[in-house]
file target.tsv (TSV, C-alpha atoms)
chain	number	residue	atom	x	y	z
B	1	MET	CA	-38.56	11.29	-21.79
B	2	SER	CA	-34.99	10.23	-22.61
B	3	GLN	CA	-32.43	9.47	-19.94
B	4	ASP	CA	-30.32	12.46	-21.00
B	5	SER	CA	-33.25	14.87	-20.78
B	6	TYR	CA	-34.31	13.35	-17.45
B	7	ALA	CA	-30.83	13.91	-16.06
B	8	GLN	CA	-31.26	17.62	-16.81
B	9	SER	CA	-34.73	17.86	-15.23
B	10	PRO	CA	-35.29	20.11	-12.17
B	11	ILE	CA	-35.79	17.16	-9.82
B	12	SER	CA	-32.45	15.68	-10.87
B	13	GLN	CA	-30.75	19.06	-10.38
B	14	ILE	CA	-32.25	19.31	-6.90
B	15	GLY	CA	-30.88	15.83	-6.19
B	16	ASP	CA	-27.37	17.08	-6.91
B	17	MET	CA	-27.77	19.52	-4.00
B	18	LEU	CA	-28.68	16.81	-1.50
B	19	ASP	CA	-26.30	15.15	0.96
B	20	ASP	CA	-28.71	12.20	0.96
B	21	GLY	CA	-28.83	9.71	-1.89
B	22	LEU	CA	-31.50	10.03	-4.60
B	23	ILE	CA	-32.17	7.50	-7.37
B	24	LEU	CA	-34.84	8.00	-10.06
B	25	THR	CA	-36.21	5.03	-11.99
B	26	ASP	CA	-38.90	4.40	-14.55
B	27	LEU	CA	-41.99	2.42	-13.56
B	28	GLY	CA	-40.27	-0.82	-14.48
B	29	GLY	CA	-37.33	-0.24	-12.16
B	30	VAL	CA	-34.70	0.89	-14.69
B	31	ILE	CA	-32.49	3.58	-13.11
B	32	LEU	CA	-32.74	6.87	-15.02
B	33	SER	CA	-30.41	8.97	-12.88
B	34	ALA	CA	-28.62	9.06	-9.53
B	35	ASN	CA	-27.26	12.01	-7.61
B	36	PRO	CA	-23.58	12.18	-6.47
B	37	ALA	CA	-24.36	10.84	-2.98
B	38	ALA	CA	-26.05	7.73	-4.38
B	39	VAL	CA	-23.17	7.18	-6.81
B	40	ARG	CA	-20.71	7.50	-3.92
B	41	TRP	CA	-22.55	4.87	-1.88
B	42	PHE	CA	-23.74	2.39	-4.52
B	43	GLY	CA	-21.11	2.71	-7.23
B	44	GLU	CA	-20.57	4.17	-10.67
B	45	SER	CA	-22.64	3.49	-13.80
B	46	LEU	CA	-25.96	3.14	-12.02
B	47	THR	CA	-27.92	4.53	-14.97
B	48	GLY	CA	-29.49	1.72	-16.97
B	49	GLN	CA	-29.25	-0.89	-14.20
B	50	MET	CA	-32.29	-2.43	-12.55
B	51	ILE	CA	-32.94	-1.04	-9.06
B	52	PHE	CA	-33.50	-4.62	-7.82
B	53	ASP	CA	-29.90	-5.47	-8.73
B	54	VAL	CA	-28.52	-2.44	-6.89
B	55	ILE	CA	-30.58	-2.59	-3.67
B	56	ASN	CA	-30.06	-6.00	-2.10
B	57	HIS	CA	-33.09	-6.07	0.18
B	58	PRO	CA	-35.67	-8.91	0.19
B	59	ASN	CA	-38.62	-6.47	0.23
B	60	ILE	CA	-37.43	-4.06	-2.47
B	61	GLY	CA	-39.51	-5.69	-5.23
B	62	GLU	CA	-42.77	-5.65	-3.28
B	63	LEU	CA	-42.37	-2.07	-2.00
B	64	PHE	CA	-41.24	-0.77	-5.39
B	65	ALA	CA	-44.32	-2.29	-7.07
B	66	LYS	CA	-46.62	-0.68	-4.49
B	67	ALA	CA	-44.92	2.71	-4.93
B	68	ALA	CA	-45.12	2.45	-8.73
B	69	ASP	CA	-48.86	1.67	-8.58
B	70	GLY	CA	-49.93	4.71	-6.54
B	71	ALA	CA	-49.05	8.01	-4.93
B	72	LYS	CA	-48.50	6.65	-1.42
B	73	ARG	CA	-45.01	6.89	0.08
B	74	TYR	CA	-43.38	3.75	1.46
B	75	GLU	CA	-40.45	3.55	3.85
B	76	MET	CA	-38.10	0.87	5.19
B	77	ARG	CA	-34.74	0.51	6.91
B	78	TYR	CA	-31.91	-0.58	4.65
B	79	GLU	CA	-28.42	-1.76	5.64
B	80	PRO	CA	-26.31	-2.61	2.58
B	81	THR	CA	-24.17	-5.71	2.95
B	82	ASN	CA	-21.45	-4.32	0.68
B	83	ILE	CA	-21.01	-1.02	2.55
B	84	VAL	CA	-19.31	-1.07	5.93
B	85	GLN	CA	-21.44	0.14	8.85
B	86	ARG	CA	-24.05	2.09	6.94
B	87	GLU	CA	-27.73	2.38	7.78
B	88	PHE	CA	-30.30	4.13	5.60
B	89	ARG	CA	-33.93	5.05	5.93
B	90	MET	CA	-35.14	4.41	2.38
B	91	ARG	CA	-38.26	6.14	1.06
B	92	LEU	CA	-40.00	5.18	-2.20
B	93	GLN	CA	-42.64	7.29	-3.93
B	94	ARG	CA	-44.02	7.65	-7.43
B	95	ILE	CA	-43.18	10.99	-9.08
B	96	GLY	CA	-45.54	12.06	-11.84
B	97	ASP	CA	-46.65	9.51	-14.42
B	98	GLN	CA	-43.33	8.04	-15.45
B	99	SER	CA	-40.96	7.56	-12.55
B	100	VAL	CA	-40.31	6.44	-8.99
B	101	ALA	CA	-37.97	8.25	-6.60
B	102	LEU	CA	-35.90	6.40	-4.00
B	103	LEU	CA	-34.48	8.65	-1.28
B	104	PHE	CA	-31.75	7.26	1.00
B	105	LEU	CA	-31.46	9.13	4.33
B	106	ASP	CA	-28.13	8.27	5.96
B	107	MET	CA	-28.88	7.33	9.58
B	108	THR	CA	-25.37	6.04	10.36
B	109	LEU	CA	-24.28	9.08	12.38
B	110	GLN	CA	-27.50	9.12	14.38
B	111	ARG	CA	-27.17	5.39	15.11
B	112	ASN	CA	-23.56	5.85	16.20
B	113	LEU	CA	-24.47	8.80	18.43
B	114	GLU	CA	-27.22	6.74	20.03
B	115	LYS	CA	-24.73	3.95	20.68
B	116	VAL	CA	-22.27	6.41	22.20
B	117	ARG	CA	-25.04	7.75	24.43
B	118	ARG	CA	-26.08	4.27	25.53
B	119	ASP	CA	-22.49	3.26	26.22
B	120	PHE	CA	-21.87	6.49	28.12
B	121	VAL	CA	-24.93	6.01	30.34
B	122	ALA	CA	-23.96	2.38	30.96
B	123	ASN	CA	-20.38	3.36	31.85
B	124	VAL	CA	-21.48	6.15	34.19
B	125	SER	CA	-23.94	3.82	35.88
B	126	HIS	CA	-21.23	1.20	36.33
B	127	GLU	CA	-18.68	3.68	37.65
B	128	LEU	CA	-21.13	5.11	40.20
B	129	ARG	CA	-22.64	1.78	41.23
B	130	SER	CA	-19.36	0.41	42.59
B	131	PRO	CA	-18.66	3.15	45.18
B	132	LEU	CA	-22.36	3.44	46.01
B	133	THR	CA	-22.58	-0.29	46.70
B	134	SER	CA	-19.49	-0.08	48.89
B	135	LEU	CA	-20.87	2.91	50.81
B	136	ALA	CA	-24.26	1.29	51.32
B	137	GLY	CA	-22.65	-1.87	52.65
B	138	PHE	CA	-20.48	-0.10	55.18
B	139	VAL	CA	-23.33	2.20	56.28
B	140	GLU	CA	-25.63	-0.79	56.81
B	141	THR	CA	-22.95	-2.60	58.81
B	142	MET	CA	-22.27	0.37	61.06
B	143	LEU	CA	-25.95	1.10	61.63
B	144	SER	CA	-26.47	-2.47	62.79
B	145	ASP	CA	-23.94	-1.93	65.64
B	146	GLU	CA	-21.94	-4.91	64.43
B	147	VAL	CA	-18.67	-2.95	64.60
B	148	PRO	CA	-18.00	-2.32	68.30
B	149	ASP	CA	-14.23	-2.02	67.79
B	150	PRO	CA	-13.33	1.73	67.44
B	151	ALA	CA	-10.31	0.91	65.24
B	152	MET	CA	-12.52	-1.05	62.85
B	153	ARG	CA	-15.10	1.74	62.77
B	154	THR	CA	-12.35	4.23	61.92
B	155	ARG	CA	-11.13	1.95	59.12
B	156	PHE	CA	-14.64	1.66	57.70
B	157	LEU	CA	-15.15	5.42	57.87
B	158	ASN	CA	-11.86	6.00	56.01
B	159	ILE	CA	-12.97	3.62	53.25
B	160	MET	CA	-16.35	5.35	53.04
B	161	ASP	CA	-14.59	8.71	52.82
B	162	GLU	CA	-12.44	7.47	49.91
B	163	GLU	CA	-15.47	6.11	48.05
B	164	ALA	CA	-17.35	9.39	48.52
B	165	LYS	CA	-14.35	11.33	47.19
B	166	ARG	CA	-14.15	8.95	44.24
B	167	MET	CA	-17.78	9.69	43.33
B	168	SER	CA	-17.16	13.42	43.77
B	169	ARG	CA	-14.17	13.27	41.37
B	170	LEU	CA	-16.25	11.38	38.83
B	171	ILE	CA	-19.11	13.89	39.00
B	172	ASP	CA	-16.67	16.81	38.72
B	173	ASP	CA	-15.09	15.25	35.62
B	174	LEU	CA	-18.50	14.52	34.07
B	175	LEU	CA	-19.54	18.15	34.55
B	176	SER	CA	-16.23	19.37	33.16
B	177	LEU	CA	-16.51	17.11	30.10
B	178	SER	CA	-20.10	18.21	29.48
B	179	ARG	CA	-19.16	21.88	29.70
B	180	VAL	CA	-16.21	21.51	27.32
B	181	GLU	CA	-18.24	19.56	24.75
B	182	VAL	CA	-20.96	22.23	24.73
B	183	ASP	CA	-18.41	25.01	24.10
B	184	GLU	CA	-16.13	23.04	21.77
B	185	HIS	CA	-17.26	24.94	18.65
B	186	ILE	CA	-16.47	28.33	20.25
B	187	ILE	CA	-12.87	29.48	19.83
B	188	PRO	CA	-11.67	31.33	22.98
B	189	GLU	CA	-10.62	34.94	22.51
B	190	ASN	CA	-8.48	35.58	25.60
B	191	ARG	CA	-4.71	35.58	25.30
B	192	VAL	CA	-2.79	33.04	27.40
B	193	ASN	CA	0.97	33.07	28.03
B	194	LEU	CA	1.78	29.38	27.90
B	195	VAL	CA	5.19	29.62	29.54
B	196	GLU	CA	3.80	31.39	32.60
B	197	LEU	CA	0.91	28.94	32.77
B	198	LEU	CA	3.17	25.87	32.56
B	199	HIS	CA	5.44	27.18	35.33
B	200	SER	CA	2.38	27.80	37.49
B	201	VAL	CA	1.04	24.29	36.88
B	202	GLY	CA	4.46	22.77	37.53
B	203	ASP	CA	4.81	24.65	40.83
B	204	SER	CA	1.35	23.54	41.97
B	205	LEU	CA	2.19	19.85	41.44
B	206	THR	CA	5.76	19.91	42.76
B	207	GLY	CA	4.67	18.73	46.20
B	208	ARG	CA	2.85	15.72	44.75
B	209	ALA	CA	5.87	14.85	42.61
B	210	MET	CA	8.23	15.12	45.58
B	211	LYS	CA	6.25	12.41	47.41
B	212	LYS	CA	7.60	10.02	44.74
B	213	ASN	CA	11.04	11.69	44.67
B	214	MET	CA	10.25	13.02	41.20
B	215	ARG	CA	11.20	16.36	39.67
B	216	ILE	CA	9.27	18.43	37.14
B	217	LYS	CA	11.64	20.07	34.64
B	218	ILE	CA	10.48	22.72	32.15
B	219	THR	CA	12.75	23.25	29.17
B	220	ARG	CA	12.68	25.77	26.33
B	221	PRO	CA	14.90	24.93	23.35
B	222	ASP	CA	16.81	27.69	21.60
B	223	ASN	CA	14.18	28.16	18.90
B	224	ALA	CA	11.55	28.88	21.58
B	225	GLN	CA	13.79	31.22	23.54
B	226	SER	CA	14.62	33.31	20.50
B	227	CYS	CA	11.04	34.64	20.13
B	228	ASP	CA	10.69	38.41	20.17
B	229	ALA	CA	7.63	38.01	22.40
B	230	PRO	CA	6.53	35.27	24.83
B	231	PRO	CA	4.50	32.49	23.19
B	232	VAL	CA	0.82	33.41	23.49
B	233	ILE	CA	-2.27	31.55	22.28
B	234	PHE	CA	-5.96	32.40	22.15
B	235	GLY	CA	-7.37	30.32	24.97
B	236	ASN	CA	-9.28	29.86	28.16
B	237	HIS	CA	-6.75	30.02	31.01
B	238	ASP	CA	-8.63	27.60	33.29
B	239	GLU	CA	-9.16	25.03	30.53
B	240	ILE	CA	-5.53	25.09	29.38
B	241	THR	CA	-4.52	24.74	33.03
B	242	GLU	CA	-6.80	21.69	33.28
B	243	VAL	CA	-5.08	20.13	30.26
B	244	PHE	CA	-1.62	20.27	31.77
B	245	VAL	CA	-2.75	19.45	35.30
B	246	ASN	CA	-4.29	16.26	33.87
B	247	LEU	CA	-1.21	15.38	31.84
B	248	LEU	CA	1.20	16.09	34.71
B	249	GLU	CA	-0.91	14.16	37.23
B	250	ASN	CA	-0.88	11.17	34.87
B	251	ALA	CA	2.88	11.49	34.44
B	252	ILE	CA	3.33	11.47	38.23
B	253	LYS	CA	0.93	8.56	38.79
B	254	TYR	CA	2.46	6.29	36.17
B	255	GLY	CA	6.12	7.37	36.32
B	256	PHE	CA	8.87	5.51	38.15
B	257	ASP	CA	9.76	6.76	41.63
B	258	GLY	CA	12.79	9.02	41.51
B	259	SER	CA	12.48	9.81	37.80
B	260	ASP	CA	12.11	13.20	36.12
B	261	ILE	CA	9.07	14.58	34.29
B	262	THR	CA	9.89	16.99	31.48
B	263	LEU	CA	7.79	19.70	29.87
B	264	ALA	CA	9.57	20.67	26.68
B	265	ILE	CA	8.35	23.81	24.90
B	266	THR	CA	9.22	23.87	21.21
B	267	MET	CA	8.40	26.38	18.50
B	268	VAL	CA	7.31	24.56	15.34
B	269	ALA	CA	6.64	26.16	11.99
B	270	PRO	CA	4.52	27.82	10.96
B	271	ARG	CA	3.50	29.74	14.08
B	272	HIS	CA	2.74	26.71	16.24
B	273	LEU	CA	3.92	25.82	19.73
B	274	ARG	CA	4.31	22.24	20.91
B	275	ILE	CA	4.50	21.14	24.54
B	276	ASP	CA	5.79	17.61	25.20
B	277	VAL	CA	4.97	16.10	28.59
B	278	THR	CA	7.26	13.09	29.08
B	279	ASN	CA	7.58	10.66	31.97
B	280	PHE	CA	9.73	7.60	32.54
B	281	GLY	CA	7.73	4.53	33.50
B	282	GLU	CA	6.29	1.22	32.39
B	283	GLY	CA	4.99	2.69	29.15
B	284	ILE	CA	1.82	1.85	27.22
B	285	GLU	CA	1.36	-0.86	24.62
B	286	GLU	CA	0.83	0.52	21.12
B	287	ARG	CA	-2.59	-1.13	20.77
B	288	HIS	CA	-3.93	1.03	23.60
B	289	LEU	CA	-2.67	4.40	22.31
B	290	PRO	CA	-5.52	5.20	19.84
B	291	ARG	CA	-8.15	4.61	22.55
B	292	LEU	CA	-6.62	6.49	25.48
B	293	THR	CA	-8.80	9.57	24.93
B	294	GLU	CA	-12.06	7.56	24.89
B	295	ARG	CA	-14.35	8.07	27.87
B	296	PHE	CA	-13.72	5.55	30.65
B	297	TYR	CA	-11.04	3.71	28.68
B	298	ARG	CA	-8.33	2.41	30.99
B	299	VAL	CA	-5.25	0.34	30.19
B	300	ASP	CA	-5.31	-1.17	33.69
B	301	LYS	CA	-8.73	-0.64	35.30
B	302	ALA	CA	-7.80	-1.96	38.74
B	303	ARG	CA	-4.66	0.16	39.00
B	304	SER	CA	-6.40	3.26	37.63
B	305	ARG	CA	-9.14	3.06	40.25
B	306	GLN	CA	-6.59	2.33	42.98
B	307	ILE	CA	-4.72	5.56	42.28
B	308	GLY	CA	-7.90	7.61	41.89
B	309	GLY	CA	-8.46	7.78	38.12
B	310	THR	CA	-11.96	8.34	36.74
B	311	GLY	CA	-11.21	7.37	33.13
B	312	LEU	CA	-12.32	10.80	31.89
B	313	GLY	CA	-9.17	12.92	32.23
B	314	LEU	CA	-7.75	12.34	28.75
B	315	ALA	CA	-11.20	12.68	27.16
B	316	ILE	CA	-11.44	16.13	28.75
B	317	VAL	CA	-7.93	16.95	27.52
B	318	LYS	CA	-8.84	15.96	23.94
B	319	HIS	CA	-11.97	18.12	23.83
B	320	ILE	CA	-10.22	21.15	25.35
B	321	VAL	CA	-7.38	20.85	22.84
B	322	ASN	CA	-9.93	20.54	20.02
B	323	ARG	CA	-11.71	23.68	21.23
B	324	HIS	CA	-8.41	25.57	21.04
B	325	ARG	CA	-7.87	24.22	17.48
B	326	GLY	CA	-4.85	22.29	18.63
B	327	SER	CA	-3.83	18.66	18.29
B	328	LEU	CA	-2.89	15.89	20.72
B	329	SER	CA	-0.61	12.95	19.98
B	330	ILE	CA	0.67	10.14	22.21
B	331	THR	CA	3.78	7.99	21.85
B	332	SER	CA	5.20	5.42	24.23
B	333	THR	CA	8.05	2.92	24.54
B	334	LEU	CA	7.47	0.02	26.90
B	335	GLY	CA	9.70	0.19	29.97
B	336	GLU	CA	10.96	3.64	29.03
B	337	THR	CA	9.03	6.81	28.21
B	338	THR	CA	5.51	8.00	27.48
B	339	ARG	CA	5.08	11.35	25.74
B	340	PHE	CA	1.91	13.44	25.37
B	341	SER	CA	2.42	16.16	22.76
B	342	VAL	CA	0.05	19.13	22.54
B	343	ASP	CA	0.29	21.51	19.58
B	344	PHE	CA	-1.35	24.95	19.72
B	345	PRO	CA	-1.50	27.69	17.06
B	346	LEU	CA	0.03	30.93	18.30
B	347	ALA	CA	-1.97	34.10	18.51
B	348	PRO	CA	-0.75	36.97	16.27
B	349	SER	CA	1.37	39.58	17.99
B	350	GLN	CA	-0.50	42.60	19.30
call {"tool": "encode", "arguments": {"input": "target.tsv", "output": "structure tokens"}}
result
Amino acid sequence: MSQDSYAQSPISQIGDMLDDGLILTDLGGVILSANPAAVRWFGESLTGQMIFDVINHPNIGELFAKAADGAKRYEMRYEPTNIVQREFRMRLQRIGDQSVALLFLDMTLQRNLEKVRRDFVANVSHELRSPLTSLAGFVETMLSDEVPDPAMRTRFLNIMDEEAKRMSRLIDDLLSLSRVEVDEHIIPENRVNLVELLHSVGDSLTGRAMKKNMRIKITRPDNAQSCDAPPVIFGNHDEITEVFVNLLENAIKYGFDGSDITLAITMVAPRHLRIDVTNFGEGIEERHLPRLTERFYRVDKARSRQIGGTGLGLAIVKHIVNRHRGSLSITSTLGETTRFSVDFPLAPSQ
């Protein structure tokens, strides 16, 4: 069978439908055809090359010979050295009397998900172990009657109370993140008036801001005020509230005492609304900005724990914004301002 006729065979046409890579060779190892996925991964002009020159694995010759000699299927793990961070499960099997098929199952996503899961479990364990260790130590000390001083006992109890609250916040955030991730593919159908919601969130956090002599200012530029109807999005009211509570709490925590926090509402074309949450503080180095929404990522771990951060707030914000088909961007100037910008598509007018 010629290479041209082989390329038009049913098995080659099926290969074109696969997301996984498929290479067909003759019994000597000459490549007869390759589907688009294989071409994308291993390069152009594969036809006519020897499979041993394309697949740089020390066992490819031995396994190919075994597959060519019989009907048994062989399998091995393959990580190309010329492709960044790719891992394949490669299967070799003789097809008919004239050819051998090599199927490349891309395991990269699965490997990355497993790594994310392992890292997540390790991070959760670490975050919980610290307050648990502290609690256990204080409980053991108090049970041993080694703290006769009432003032010292009160101090220990206050520390234990703070550690218990810290664990409670972490568990609440873990549950919230889990819930949002499960529902992320479902677009909410309720209508939410963002201006009313932002005023409500601002009012609820005014007391906390006043403790640092800060003010929360909500502004609506002319192009937002000129709308015939109030800006409304399809959304989950509680989740959108959680987004701006998180962003405002961060702005209060990391802003300078006596400064203002602004929530600027801007209408951007076409049919999108942007809310900028800006505080004045120390700012964030540019190298940290892309990682701020990662789980448990903190710019200053000691300070974040001291002021009650769990390291999950911005991860929750990112997933909620994604669920509402919006976008989140972060900019910062050291010693000046940090701005979190959330963009939502507007719902059509009723």
call {"tool": "residues_around", "arguments": {"input": "target.tsv", "residues": "Val268 of chain B", "least_positions_apart": "2", "cutoff": "10 Å", "atoms": "all atoms listed in the file", "output": "number ranges by chain"}}
result
B: 223-224, 265-266, 270-274, 343-345
call {"tool": "write_last_selection", "arguments": {"input": "target.tsv", "atoms": "C-alpha atoms", "output": "compact mmCIF listing (two decimals), in the coordinates of the input"}}
result
# COMPACT_ATOMS: atom_id res chain seq x y z
CA ASN B 223 14.18 28.16 18.90
CA ALA B 224 11.55 28.88 21.58
CA ILE B 265 8.35 23.81 24.90
CA THR B 266 9.22 23.87 21.21
CA PRO B 270 4.52 27.82 10.96
CA ARG B 271 3.50 29.74 14.08
CA HIS B 272 2.74 26.71 16.24
CA LEU B 273 3.92 25.82 19.73
CA ARG B 274 4.31 22.24 20.91
CA ASP B 343 0.29 21.51 19.58
CA PHE B 344 -1.35 24.95 19.72
CA PRO B 345 -1.50 27.69 17.06
call {"tool": "atom_distance", "arguments": {"input": "target.tsv", "atom1": "atom CA of Ile95 of chain B", "atom2": "atom CA of Ala34 of chain B"}}
result
14.7 Å
call {"tool": "atom_distance", "arguments": {"input": "target.tsv", "atom1": "atom CA of Phe138 of chain B", "atom2": "atom CA of Thr154 of chain B"}}
result
11.4 Å
call {"tool": "residues_near_point", "arguments": {"input": "target.tsv", "point": "(0.3, 31.9, 31.6)", "cutoff": "10 Å", "atoms": "all atoms listed in the file", "output": "PyMOL selection string"}}
result
chain B and resi 191-201+230-233+237+240-241
call {"tool": "atom_distance", "arguments": {"input": "target.tsv", "atom1": "atom CA of Gly28 of chain B", "atom2": "atom CA of Leu92 of chain B"}}
result
13.7 Å
call {"tool": "decode", "arguments": {"input": "target.tsv", "residues": "segment 286-340 of chain B", "atoms": "C-alpha atoms", "output": "PDB file, in the first residue's frame"}}
result
ATOM      1  CA  GLU B 286       5.159  43.214  40.187  1.00  0.00           C
ATOM      2  CA  ARG B 287       6.633  39.703  40.483  1.00  0.00           C
ATOM      3  CA  HIS B 288       3.906  38.772  42.969  1.00  0.00           C
ATOM      4  CA  LEU B 289       0.913  40.028  40.953  1.00  0.00           C
ATOM      5  CA  PRO B 290       0.408  36.971  38.661  1.00  0.00           C
ATOM      6  CA  ARG B 291       0.325  34.618  41.674  1.00  0.00           C
ATOM      7  CA  LEU B 292      -1.960  36.529  44.034  1.00  0.00           C
ATOM      8  CA  THR B 293      -5.014  34.438  43.121  1.00  0.00           C
ATOM      9  CA  GLU B 294      -3.243  31.117  43.779  1.00  0.00           C
ATOM     10  CA  ARG B 295      -4.431  29.181  46.810  1.00  0.00           C
ATOM     11  CA  PHE B 296      -2.436  29.989  49.949  1.00  0.00           C
ATOM     12  CA  TYR B 297      -0.096  32.358  48.111  1.00  0.00           C
ATOM     13  CA  ARG B 298       0.920  35.242  50.351  1.00  0.00           C
ATOM     14  CA  VAL B 299       3.298  38.122  49.667  1.00  0.00           C
ATOM     15  CA  ASP B 300       4.134  38.377  53.380  1.00  0.00           C
ATOM     16  CA  LYS B 301       3.105  35.173  55.176  1.00  0.00           C
ATOM     17  CA  ALA B 302       3.821  36.399  58.698  1.00  0.00           C
ATOM     18  CA  ARG B 303       1.891  39.634  58.255  1.00  0.00           C
ATOM     19  CA  SER B 304      -1.010  37.903  56.494  1.00  0.00           C
ATOM     20  CA  ARG B 305      -1.459  35.447  59.363  1.00  0.00           C
ATOM     21  CA  GLN B 306      -1.086  38.243  61.922  1.00  0.00           C
ATOM     22  CA  ILE B 307      -4.013  40.163  60.441  1.00  0.00           C
ATOM     23  CA  GLY B 308      -6.152  37.051  59.977  1.00  0.00           C
ATOM     24  CA  GLY B 309      -5.659  36.106  56.315  1.00  0.00           C
ATOM     25  CA  THR B 310      -6.178  32.500  55.203  1.00  0.00           C
ATOM     26  CA  GLY B 311      -4.519  32.826  51.787  1.00  0.00           C
ATOM     27  CA  LEU B 312      -7.725  31.740  50.031  1.00  0.00           C
ATOM     28  CA  GLY B 313      -9.670  34.993  49.660  1.00  0.00           C
ATOM     29  CA  LEU B 314      -8.375  36.009  46.232  1.00  0.00           C
ATOM     30  CA  ALA B 315      -8.633  32.428  44.942  1.00  0.00           C
ATOM     31  CA  ILE B 316     -12.326  32.513  45.876  1.00  0.00           C
ATOM     32  CA  VAL B 317     -12.684  35.903  44.176  1.00  0.00           C
ATOM     33  CA  LYS B 318     -11.103  34.579  40.954  1.00  0.00           C
ATOM     34  CA  HIS B 319     -13.407  31.549  40.742  1.00  0.00           C
ATOM     35  CA  ILE B 320     -16.549  33.585  41.482  1.00  0.00           C
ATOM     36  CA  VAL B 321     -15.611  36.124  38.812  1.00  0.00           C
ATOM     37  CA  ASN B 322     -14.953  33.280  36.359  1.00  0.00           C
ATOM     38  CA  ARG B 323     -18.362  31.776  37.122  1.00  0.00           C
ATOM     39  CA  HIS B 324     -19.977  35.116  36.262  1.00  0.00           C
ATOM     40  CA  ARG B 325     -17.968  35.211  32.987  1.00  0.00           C
ATOM     41  CA  GLY B 326     -16.094  38.256  34.181  1.00  0.00           C
ATOM     42  CA  SER B 327     -12.406  39.070  34.438  1.00  0.00           C
ATOM     43  CA  LEU B 328     -10.082  40.141  37.251  1.00  0.00           C
ATOM     44  CA  SER B 329      -6.910  42.201  36.867  1.00  0.00           C
ATOM     45  CA  ILE B 330      -4.488  43.585  39.450  1.00  0.00           C
ATOM     46  CA  THR B 331      -2.120  46.541  39.206  1.00  0.00           C
ATOM     47  CA  SER B 332       0.060  48.096  41.883  1.00  0.00           C
ATOM     48  CA  THR B 333       2.634  50.848  42.375  1.00  0.00           C
ATOM     49  CA  LEU B 334       5.004  50.402  45.292  1.00  0.00           C
ATOM     50  CA  GLY B 335       4.418  52.943  48.043  1.00  0.00           C
ATOM     51  CA  GLU B 336       1.284  54.251  46.354  1.00  0.00           C
ATOM     52  CA  THR B 337      -1.793  52.379  45.136  1.00  0.00           C
ATOM     53  CA  THR B 338      -3.046  48.864  44.541  1.00  0.00           C
ATOM     54  CA  ARG B 339      -6.045  48.390  42.246  1.00  0.00           C
ATOM     55  CA  PHE B 340      -8.228  45.294  41.795  1.00  0.00           C
TER      56      PHE B 340
END
